[in-house]
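A.B. asks: So here's target_34.txt, just compact mmCIF, C-alpha atoms and all ligand atoms:
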```txt
# COMPACT_ATOMS: atom_id res chain seq x y z
CA MET N 48 100.59 47.09 -232.08
CA SER N 49 97.84 44.50 -232.31
CA PRO N 50 94.93 45.72 -234.45
CA TYR N 51 92.64 44.43 -231.69
CA LYS N 52 94.15 46.74 -229.09
CA MET N 53 91.67 49.35 -227.94
CA SER N 54 92.58 52.99 -227.50
CA GLY N 55 89.68 54.63 -225.73
CA THR N 56 86.03 53.73 -225.97
CA THR N 57 85.56 50.98 -228.51
CA VAL N 58 82.37 49.47 -229.79
CA VAL N 59 82.32 45.96 -231.17
CA SER N 60 79.36 45.72 -233.48
CA PHE N 61 78.52 42.03 -233.14
CA SER N 62 76.41 40.81 -236.04
CA GLY N 63 75.77 37.40 -234.51
CA GLY N 64 77.94 35.66 -237.08
CA ARG N 65 81.11 33.59 -236.73
CA THR N 66 83.38 36.30 -238.11
CA SER N 67 82.32 39.04 -235.74
CA ALA N 68 82.35 36.59 -232.82
CA TYR N 69 85.93 35.73 -233.77
CA MET N 70 86.75 39.45 -233.76
CA LEU N 71 85.18 39.83 -230.32
CA ARG N 72 87.26 36.95 -228.98
CA GLN N 73 90.44 38.58 -230.31
CA VAL N 74 89.53 41.87 -228.65
CA LEU N 75 88.95 40.09 -225.35
CA ASP N 76 92.30 38.29 -225.66
CA ASN N 77 94.31 41.37 -226.66
CA ASN N 78 93.19 43.83 -224.01
CA ASP N 79 93.80 43.66 -220.28
CA ASP N 80 91.43 46.49 -219.47
CA LEU N 81 87.98 46.03 -221.00
CA ALA N 82 86.30 48.89 -219.14
CA ASP N 83 86.02 50.91 -222.36
CA LEU N 84 84.54 48.08 -224.41
CA ILE N 85 80.91 48.18 -225.51
CA VAL N 86 79.53 45.20 -227.41
CA THR N 87 76.24 45.66 -229.24
CA PHE N 88 73.95 43.31 -231.10
CA ALA N 89 71.13 44.90 -233.12
CA ASN N 90 68.30 42.42 -233.59
CA THR N 91 66.07 42.89 -236.62
CA GLY N 92 63.50 40.37 -235.39
CA LYS N 93 64.13 38.29 -238.51
CA GLU N 94 67.36 36.66 -237.37
CA HIS N 95 67.59 32.89 -237.33
CA PRO N 96 66.93 31.58 -233.78
CA ALA N 97 70.39 29.97 -233.88
CA THR N 98 71.91 33.43 -234.24
CA LEU N 99 70.23 34.65 -231.05
CA ASP N 100 71.36 31.50 -229.24
CA PHE N 101 74.91 32.06 -230.45
CA VAL N 102 75.04 35.70 -229.32
CA GLN N 103 73.83 34.67 -225.89
CA GLU N 104 76.26 31.77 -225.70
CA CYS N 105 79.24 33.98 -226.60
CA SER N 106 78.16 36.41 -223.90
CA GLU N 107 77.81 33.71 -221.25
CA ARG N 108 80.84 31.57 -222.11
CA TRP N 109 83.16 34.54 -222.55
CA SER N 110 81.69 36.55 -219.66
CA VAL N 111 81.19 39.62 -221.81
CA PRO N 112 78.09 41.79 -221.51
CA ILE N 113 76.35 42.34 -224.84
CA VAL N 114 73.81 45.13 -225.28
CA TRP N 115 70.84 43.84 -227.29
CA LEU N 116 69.12 46.60 -229.23
CA GLU N 117 66.05 46.78 -231.44
CA TYR N 118 64.60 49.46 -233.67
CA ARG N 119 61.40 51.13 -232.50
CA ASP N 120 59.28 53.71 -234.29
CA ASP N 121 59.08 56.01 -231.29
CA GLU N 122 60.79 59.11 -229.97
CA ARG N 123 63.87 57.28 -228.69
CA GLY N 124 64.08 55.15 -231.79
CA PHE N 125 65.22 51.93 -230.13
CA ALA N 126 64.64 49.55 -227.25
CA ILE N 127 67.10 47.70 -225.08
CA VAL N 128 66.09 44.06 -224.93
CA ASP N 129 67.78 40.81 -223.97
CA TYR N 130 67.95 37.20 -225.06
CA GLN N 131 64.57 36.39 -223.51
CA SER N 132 62.66 39.45 -224.65
CA ALA N 133 64.26 39.86 -228.11
CA SER N 134 61.79 39.85 -230.98
CA ARG N 135 61.53 36.62 -232.92
CA ASP N 136 58.50 37.62 -234.95
CA GLY N 137 59.94 40.44 -237.06
CA GLN N 138 58.51 43.32 -235.00
CA PRO N 139 61.42 45.78 -235.46
CA PHE N 140 61.55 45.09 -239.20
CA GLU N 141 57.79 45.43 -239.54
CA GLU N 142 57.73 48.75 -237.66
CA LEU N 143 60.39 50.12 -240.00
CA ILE N 144 58.61 48.97 -243.17
CA ARG N 145 55.33 50.49 -241.95
CA LYS N 146 57.11 53.77 -241.28
CA ARG N 147 58.83 53.85 -244.65
CA SER N 148 55.81 52.44 -246.53
CA TYR N 149 58.01 50.45 -248.88
CA LEU N 150 60.34 47.48 -248.78
CA PRO N 151 64.12 47.70 -248.63
CA ASN N 152 65.94 46.44 -251.70
CA PRO N 153 69.51 46.06 -252.95
CA VAL N 154 69.56 49.69 -254.11
CA THR N 155 67.90 51.26 -251.07
CA ARG N 156 69.21 49.08 -248.28
CA PHE N 157 67.70 51.15 -245.53
CA CYS N 158 67.11 48.12 -243.29
CA THR N 159 70.78 47.74 -242.37
CA ILE N 160 71.14 51.46 -241.77
CA ASP N 161 67.95 51.96 -239.76
CA LEU N 162 67.70 48.63 -237.93
CA LYS N 163 71.36 48.29 -237.07
CA ILE N 164 73.71 51.24 -237.63
CA ARG N 165 71.39 54.06 -236.50
CA VAL N 166 70.06 52.06 -233.58
CA ILE N 167 73.60 51.49 -232.29
CA HIS N 168 74.50 55.15 -232.72
CA LYS N 169 71.36 56.28 -230.92
CA TYR N 170 72.22 53.98 -228.05
CA LEU N 171 75.78 55.29 -227.90
CA ARG N 172 74.56 58.86 -227.82
CA MET N 173 72.11 57.97 -225.06
CA VAL N 174 74.89 56.61 -222.87
CA GLY N 175 76.98 59.68 -223.72
CA CYS N 176 80.00 58.00 -225.20
CA SER N 177 79.78 59.04 -228.83
CA THR N 178 80.06 62.72 -229.60
CA GLU N 179 81.67 64.84 -232.28
CA GLU N 180 84.39 65.80 -229.81
CA THR N 181 85.07 62.22 -228.72
CA PRO N 182 84.15 59.80 -231.50
CA VAL N 183 84.31 56.13 -230.57
CA ASP N 184 86.14 53.44 -232.50
CA MET N 185 83.57 51.15 -234.09
CA MET N 186 85.06 47.71 -234.81
CA THR N 187 83.31 45.90 -237.61
CA GLY N 188 83.90 42.30 -238.66
CA ILE N 189 85.08 42.73 -242.23
CA ARG N 190 87.80 40.30 -243.25
CA ALA N 191 90.91 40.79 -245.36
CA ASP N 192 89.39 38.52 -248.02
CA GLU N 193 86.50 40.94 -248.55
CA PRO N 194 88.50 43.59 -250.45
CA ARG N 195 85.52 45.42 -251.93
CA ARG N 196 83.93 45.94 -248.53
CA VAL N 197 87.29 46.92 -247.05
CA ALA N 198 87.91 49.46 -249.82
CA LYS N 199 84.42 50.92 -249.48
CA ILE N 200 84.86 51.52 -245.77
CA ARG N 201 88.40 52.82 -246.10
CA HIS N 202 87.07 55.27 -248.68
CA ARG N 203 84.33 56.46 -246.38
CA LYS N 204 86.65 56.33 -243.39
CA THR N 205 83.80 57.16 -241.05
CA THR N 206 80.30 55.71 -240.80
CA SER N 207 77.23 57.32 -242.26
CA GLU N 208 76.67 58.79 -238.80
CA SER N 209 80.22 60.08 -239.46
CA LYS N 210 81.75 62.35 -236.89
CA HIS N 211 80.53 60.26 -233.96
CA ALA N 212 82.39 57.05 -234.81
CA THR N 213 85.46 55.91 -236.66
CA MET N 214 85.14 52.61 -238.44
CA VAL N 215 87.99 50.22 -237.74
CA MET N 216 88.48 46.80 -239.32
CA PRO N 217 90.94 44.85 -237.15
CA LEU N 218 90.34 41.59 -239.05
CA ALA N 219 91.26 43.21 -242.35
CA ASP N 220 94.28 44.87 -240.72
CA ALA N 221 95.38 41.52 -239.26
CA GLY N 222 95.01 39.77 -242.63
CA VAL N 223 92.31 37.42 -241.30
CA GLY N 224 90.39 35.46 -243.93
CA VAL N 225 87.47 33.06 -243.82
CA ARG N 226 89.82 30.11 -243.33
CA ASP N 227 91.21 31.55 -240.11
CA VAL N 228 87.69 32.03 -238.82
CA THR N 229 86.65 28.49 -239.81
CA ASP N 230 89.73 26.99 -238.17
CA PHE N 231 89.10 28.96 -235.01
CA TRP N 232 85.52 27.70 -234.70
CA LYS N 233 86.54 24.12 -235.40
CA ALA N 234 88.64 24.29 -232.23
CA GLN N 235 85.91 25.79 -230.03
CA PRO N 236 83.58 23.87 -227.72
CA PHE N 237 80.56 25.66 -229.20
CA ASP N 238 79.57 27.17 -232.54
CA LEU N 239 76.87 28.98 -234.47
CA MET N 240 74.47 26.17 -235.33
CA LEU N 241 73.92 27.14 -238.94
CA PRO N 242 75.25 25.26 -241.96
CA THR N 243 78.09 26.69 -244.03
CA ILE N 244 79.53 26.24 -247.50
CA ASN N 245 83.23 27.09 -247.85
CA GLY N 246 83.08 28.76 -244.47
CA ARG N 247 80.14 30.98 -245.40
CA THR N 248 76.94 30.75 -243.38
CA LEU N 249 73.90 29.88 -245.47
CA GLU N 250 71.04 31.08 -243.31
CA GLY N 251 72.69 33.91 -241.43
CA ASN N 252 71.28 37.44 -241.28
CA CYS N 253 67.56 38.03 -241.80
CA ASP N 254 65.86 34.84 -242.92
CA LEU N 255 64.44 36.17 -246.21
CA CYS N 256 67.02 38.86 -246.91
CA PHE N 257 66.78 40.20 -250.47
CA LEU N 258 70.54 39.80 -250.80
CA LYS N 259 70.18 36.03 -250.72
CA GLY N 260 69.69 34.16 -253.96
CA ALA N 261 66.13 33.24 -255.01
CA LYS N 262 66.91 29.53 -254.68
CA GLN N 263 68.10 29.97 -251.13
CA VAL N 264 65.04 32.04 -250.18
CA TYR N 265 62.66 29.43 -251.69
CA SER N 266 64.36 26.65 -249.80
CA ILE N 267 64.11 28.60 -246.51
CA ILE N 268 60.38 29.19 -247.14
CA ALA N 269 59.91 25.53 -248.06
CA SER N 270 61.45 24.50 -244.75
CA ASP N 271 59.25 26.90 -242.75
CA ARG N 272 56.34 28.58 -244.52
CA GLN N 273 55.63 30.85 -241.53
CA LYS N 274 58.72 32.85 -242.37
CA ALA N 275 57.02 34.16 -245.51
CA GLU N 276 53.81 35.19 -243.74
CA GLY N 277 52.92 38.60 -242.40
S1 LIG N 301 70.31 40.95 -243.46
FE1 LIG N 301 69.36 41.70 -245.35
S2 LIG N 301 67.22 42.17 -244.79
FE2 LIG N 301 68.40 41.98 -242.87
S3 LIG N 301 69.03 44.07 -242.38
FE3 LIG N 301 70.70 43.16 -243.55
S4 LIG N 301 70.30 43.72 -245.70
FE4 LIG N 301 68.41 44.06 -244.53
```
What would you get if you wrote out this structure as C-alpha cells?
Ligand code: SF4
C.D. replies:
Amino acid sequence: MSPYKMSGTTVVSFSGGRTSAYMLRQVLDNNDDLADLIVTFANTGKEHPATLDFVQECSERWSVPIVWLEYRDDERGFAIVDYQSASRDGQPFEELIRKRSYLPNPVTRFCTIDLKIRVIHKYLRMVGCSTEETPVDMMTGIRADEPRRVAKIRHRKTTSESKHATMVMPLADAGVGVRDVTDFWKAQPFDLMLPTINGRTLEGNCDLCFLKGAKQVYSIIASDRQKAEG
C-alpha cells in the first residue's frame, strides 16, 4: 500500500518548505477521499515572507484548505489566523519568549515544541479529532536521506504529546530523498522563492534560527537589519 494512503483522520503538518509541500502533493494524489485530511501550518511569526506566500499558493493551486495556527499566551494557547492576518513581526515567538523568560537554544529547543507541535495538538483537541482513544496519524516531512531524524522518530514512535497522535513518515517509507523533491519542484509551475544549495533551502524556517550557522545569520541580518531588532 502507498505510504501516502490515509487510514482514518490524518494530519499533514506542513512546515512551509519544499519537502513537506511535496509530501502534501503525494497525499492529495494518493487518496480519493480527503474528508479525513487536516493540513496545518504553524506560523512562528519569524518565517520568511516567501514561506507564507508558498503555503498560500499551495493551498490555492491545489485547492486544499490549510489551517494556519499561531501560538498565543492565553487560556486557549493558540489562534487561528490566515494568510492575511498571519504575524510577520514575530508576535507568537515574542509571546513565548516573554512567558519563558529565556531564549530557546540547541539544547532546550522549546520553540519548535511550543510554537508548532503543541499548538497543532491543541487545535486538534479543540476540533475533537485527537484523543487517547482515537489518536490521529501525524504525517511529517522527514526524508529517507535524513536517517538520524528518521531513527529518532522511529524510536519515539509517538510525538511528545504521545497518545494523541502517531507520527508517520511517508517520505522516509517511500525512500524519497532531497533529489526527488528537487526534481519535483523543477517540474512545477510555481516554487518556494528561497535560494537553495544542493536542494537545501538557505533561509527557510525562522529567519534568525539558532540552528543556522553564524555566517548565515550575519548575512541575513546584513541584508535586512530589522530582522535583528526587537
Ligand atoms: S526554525 Fe529554529 S527558531 Fe524557529 S521554531 Fe524551529 S528551531 Fe525554533
A.B. asks: Find the spatial neighbours of N:Ala89, counting all atoms listed in the file, within a cut-off of 9 Å - ignore same-chain residues fewer than 2 positions away - and output them as a PyMOL selection string.
C.D. replies: chain N and resi 60-63+87+91+114-118+162-164+166-167
A.B. asks: Could those selected residues go to a file with C-alpha atoms, as a compact mmCIF listing (two decimals), keeping the file's coordinate frame?
C.D. replies:
```
# COMPACT_ATOMS: atom_id res chain seq x y z
CA SER N 60 79.36 45.72 -233.48
CA PHE N 61 78.52 42.03 -233.14
CA SER N 62 76.41 40.81 -236.04
CA GLY N 63 75.77 37.40 -234.51
CA THR N 87 76.24 45.66 -229.24
CA THR N 91 66.07 42.89 -236.62
CA VAL N 114 73.81 45.13 -225.28
CA TRP N 115 70.84 43.84 -227.29
CA LEU N 116 69.12 46.60 -229.23
CA GLU N 117 66.05 46.78 -231.44
CA TYR N 118 64.60 49.46 -233.67
CA LEU N 162 67.70 48.63 -237.93
CA LYS N 163 71.36 48.29 -237.07
CA ILE N 164 73.71 51.24 -237.63
CA VAL N 166 70.06 52.06 -233.58
CA ILE N 167 73.60 51.49 -232.29
```
A.B. asks: Within 10 Å of ligand LIG 301 (chain N), counting all atoms listed in the file, which protein or nucleic acid residues do you find, written as a ChimeraX atom specification?
C.D. replies: /N:62,89-94,140,150-153,155-164,250-259
A.B. asks: Taking (59.6, 51.7, -236.9) in the coordinates of the supplied file, I want to know which residues reach to within 7 Å of it, counting all atoms listed in the file; could you give the answer as a list of chain:residue names?
C.D. replies: N:Tyr118, N:Arg119, N:Asp120, N:Pro139, N:Glu142, N:Leu143, N:Ile144, N:Arg145, N:Lys146
A.B. asks: Within 9 Å of N:Ala97, counting only C-alpha atoms, which residues qualify if same-chain residues fewer than 5 places away don't, as a ChimeraX atom specification?
C.D. replies: /N:102,239-241,251
A.B. asks: What's the separation between atom CA of N:Phe125 and atom CA of N:Ala82, in Å to one decimal place?
C.D. replies: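 About the pair atom CA of N:Phe125 and atom CA of N:Ala82: they are 24.0 Å apart.
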A.B. asks: Save stretch 123-260 of chain N of the structure in the block above to a file, with C-alpha atoms included, as a JSON list (two decimals), in the first residue's frame.
C.D. replies:
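Output below, filename out-v7.json:
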```
[["chain", "number", "residue", "atom", "x", "y", "z"],
["N", 123, "ARG", "CA", -6.61, 28.51, 24.64],
["N", 124, "GLY", "CA", -2.94, 28.69, 23.79],
["N", 125, "PHE", "CA", -3.29, 29.40, 20.09],
["N", 126, "ALA", "CA", -5.08, 31.48, 17.47],
["N", 127, "ILE", "CA", -6.42, 30.51, 14.09],
["N", 128, "VAL", "CA", -5.20, 33.02, 11.54],
["N", 129, "ASP", "CA", -4.91, 33.13, 7.76],
["N", 130, "TYR", "CA", -2.55, 34.35, 5.08],
["N", 131, "GLN", "CA", -3.66, 37.97, 5.51],
["N", 132, "SER", "CA", -3.72, 38.10, 9.29],
["N", 133, "ALA", "CA", -0.68, 35.88, 9.99],
["N", 134, "SER", "CA", 2.02, 37.54, 12.07],
["N", 135, "ARG", "CA", 5.02, 38.82, 10.18],
["N", 136, "ASP", "CA", 6.56, 40.68, 13.10],
["N", 137, "GLY", "CA", 7.45, 37.79, 15.40],
["N", 138, "GLN", "CA", 4.49, 38.17, 17.77],
["N", 139, "PRO", "CA", 3.97, 34.45, 18.56],
["N", 140, "PHE", "CA", 7.70, 33.95, 19.14],
["N", 141, "GLU", "CA", 7.92, 37.05, 21.32],
["N", 142, "GLU", "CA", 4.94, 36.00, 23.45],
["N", 143, "LEU", "CA", 6.59, 32.64, 24.07],
["N", 144, "ILE", "CA", 9.97, 34.12, 25.00],
["N", 145, "ARG", "CA", 8.30, 36.57, 27.40],
["N", 146, "LYS", "CA", 6.44, 33.69, 29.03],
["N", 147, "ARG", "CA", 9.53, 31.53, 29.37],
["N", 148, "SER", "CA", 11.83, 34.46, 30.26],
["N", 149, "TYR", "CA", 14.73, 32.96, 28.34],
["N", 150, "LEU", "CA", 15.71, 32.22, 24.77],
["N", 151, "PRO", "CA", 15.46, 28.82, 23.11],
["N", 152, "ASN", "CA", 18.76, 27.21, 22.21],
["N", 153, "PRO", "CA", 20.03, 24.00, 20.62],
["N", 154, "VAL", "CA", 19.76, 22.16, 23.94],
["N", 155, "THR", "CA", 16.37, 23.50, 25.03],
["N", 156, "ARG", "CA", 14.58, 23.80, 21.73],
["N", 157, "PHE", "CA", 11.27, 24.74, 23.24],
["N", 158, "CYS", "CA", 10.32, 26.98, 20.31],
["N", 159, "THR", "CA", 9.58, 24.09, 17.96],
["N", 160, "ILE", "CA", 7.64, 22.26, 20.65],
["N", 161, "ASP", "CA", 5.61, 25.22, 21.93],
["N", 162, "LEU", "CA", 5.16, 27.22, 18.72],
["N", 163, "LYS", "CA", 4.45, 24.31, 16.44],
["N", 164, "ILE", "CA", 3.85, 20.84, 17.92],
["N", 165, "ARG", "CA", 1.77, 21.87, 20.96],
["N", 166, "VAL", "CA", -0.18, 24.45, 19.01],
["N", 167, "ILE", "CA", -1.20, 21.82, 16.44],
["N", 168, "HIS", "CA", -2.17, 19.35, 19.16],
["N", 169, "LYS", "CA", -4.23, 21.94, 20.99],
["N", 170, "TYR", "CA", -6.05, 22.72, 17.77],
["N", 171, "LEU", "CA", -6.71, 19.03, 17.11],
["N", 172, "ARG", "CA", -8.10, 18.57, 20.59],
["N", 173, "MET", "CA", -10.31, 21.62, 20.13],
["N", 174, "VAL", "CA", -11.85, 20.16, 16.98],
["N", 175, "GLY", "CA", -12.23, 16.83, 18.79],
["N", 176, "CYS", "CA", -10.25, 14.63, 16.46],
["N", 177, "SER", "CA", -7.27, 13.71, 18.59],
["N", 178, "THR", "CA", -7.93, 11.72, 21.72],
["N", 179, "GLU", "CA", -6.24, 8.88, 23.56],
["N", 180, "GLU", "CA", -8.92, 6.51, 22.26],
["N", 181, "THR", "CA", -8.60, 7.68, 18.66],
["N", 182, "PRO", "CA", -5.11, 9.04, 18.01],
["N", 183, "VAL", "CA", -4.61, 10.67, 14.62],
["N", 184, "ASP", "CA", -1.84, 9.88, 12.17],
["N", 185, "MET", "CA", 0.51, 12.85, 12.03],
["N", 186, "MET", "CA", 2.44, 12.91, 8.74],
["N", 187, "THR", "CA", 5.73, 14.73, 8.99],
["N", 188, "GLY", "CA", 8.04, 15.59, 6.10],
["N", 189, "ILE", "CA", 11.18, 13.71, 7.05],
["N", 190, "ARG", "CA", 13.00, 12.18, 4.10],
["N", 191, "ALA", "CA", 14.75, 8.84, 3.71],
["N", 192, "ASP", "CA", 18.08, 10.69, 3.43],
["N", 193, "GLU", "CA", 17.70, 12.08, 6.95],
["N", 194, "PRO", "CA", 18.47, 8.81, 8.79],
["N", 195, "ARG", "CA", 19.18, 10.36, 12.18],
["N", 196, "ARG", "CA", 15.85, 12.16, 12.26],
["N", 197, "VAL", "CA", 14.08, 9.05, 11.00],
["N", 198, "ALA", "CA", 15.70, 6.88, 13.67],
["N", 199, "LYS", "CA", 14.88, 9.38, 16.41],
["N", 200, "ILE", "CA", 11.21, 9.41, 15.50],
["N", 201, "ARG", "CA", 11.00, 5.67, 14.99],
["N", 202, "HIS", "CA", 12.50, 5.30, 18.46],
["N", 203, "ARG", "CA", 9.94, 7.61, 20.00],
["N", 204, "LYS", "CA", 7.19, 6.17, 17.82],
["N", 205, "THR", "CA", 4.73, 8.75, 19.09],
["N", 206, "THR", "CA", 5.07, 12.51, 19.48],
["N", 207, "SER", "CA", 5.86, 14.25, 22.73],
["N", 208, "GLU", "CA", 2.11, 14.72, 23.08],
["N", 209, "SER", "CA", 2.21, 10.92, 22.67],
["N", 210, "LYS", "CA", -1.04, 9.05, 22.98],
["N", 211, "HIS", "CA", -2.97, 11.58, 20.89],
["N", 212, "ALA", "CA", -1.01, 11.19, 17.65],
["N", 213, "THR", "CA", 1.11, 8.64, 15.87],
["N", 214, "MET", "CA", 4.00, 10.04, 13.89],
["N", 215, "VAL", "CA", 4.20, 8.70, 10.35],
["N", 216, "MET", "CA", 6.94, 9.47, 7.83],
["N", 217, "PRO", "CA", 5.63, 8.55, 4.37],
["N", 218, "LEU", "CA", 8.61, 10.16, 2.60],
["N", 219, "ALA", "CA", 11.06, 8.03, 4.56],
["N", 220, "ASP", "CA", 8.90, 4.95, 3.96],
["N", 221, "ALA", "CA", 8.78, 5.71, 0.22],
["N", 222, "GLY", "CA", 12.56, 6.18, 0.05],
["N", 223, "VAL", "CA", 12.22, 9.83, -1.02],
["N", 224, "GLY", "CA", 15.41, 11.89, -0.88],
["N", 225, "VAL", "CA", 16.23, 15.53, -1.49],
["N", 226, "ARG", "CA", 16.85, 14.84, -5.18],
["N", 227, "ASP", "CA", 13.32, 13.58, -5.70],
["N", 228, "VAL", "CA", 11.97, 16.71, -4.06],
["N", 229, "THR", "CA", 14.21, 18.98, -6.14],
["N", 230, "ASP", "CA", 13.22, 17.23, -9.36],
["N", 231, "PHE", "CA", 9.56, 17.50, -8.47],
["N", 232, "TRP", "CA", 9.77, 21.26, -7.91],
["N", 233, "LYS", "CA", 11.74, 21.80, -11.10],
["N", 234, "ALA", "CA", 8.71, 20.46, -12.98],
["N", 235, "GLN", "CA", 6.14, 22.61, -11.17],
["N", 236, "PRO", "CA", 4.73, 25.93, -12.39],
["N", 237, "PHE", "CA", 5.47, 27.53, -9.01],
["N", 238, "ASP", "CA", 8.01, 27.13, -6.22],
["N", 239, "LEU", "CA", 9.16, 28.36, -2.84],
["N", 240, "MET", "CA", 11.02, 31.55, -3.73],
["N", 241, "LEU", "CA", 14.02, 30.95, -1.50],
["N", 242, "PRO", "CA", 17.51, 30.04, -2.69],
["N", 243, "THR", "CA", 18.87, 26.54, -2.21],
["N", 244, "ILE", "CA", 22.25, 24.83, -2.13],
["N", 245, "ASN", "CA", 22.23, 21.14, -3.07],
["N", 246, "GLY", "CA", 18.47, 21.16, -2.72],
["N", 247, "ARG", "CA", 18.54, 22.60, 0.78],
["N", 248, "THR", "CA", 16.77, 25.89, 1.46],
["N", 249, "LEU", "CA", 19.07, 28.57, 2.86],
["N", 250, "GLU", "CA", 16.64, 30.96, 4.50],
["N", 251, "GLY", "CA", 13.82, 28.62, 5.43],
["N", 252, "ASN", "CA", 12.39, 28.35, 8.94],
["N", 253, "CYS", "CA", 12.69, 31.26, 11.36],
["N", 254, "ASP", "CA", 14.93, 33.96, 9.91],
["N", 255, "LEU", "CA", 17.49, 34.03, 12.74],
["N", 256, "CYS", "CA", 17.12, 30.45, 13.94],
["N", 257, "PHE", "CA", 19.94, 29.42, 16.30],
["N", 258, "LEU", "CA", 20.36, 26.22, 14.30],
["N", 259, "LYS", "CA", 21.68, 28.20, 11.36],
["N", 260, "GLY", "CA", 25.39, 28.85, 11.11]]
```
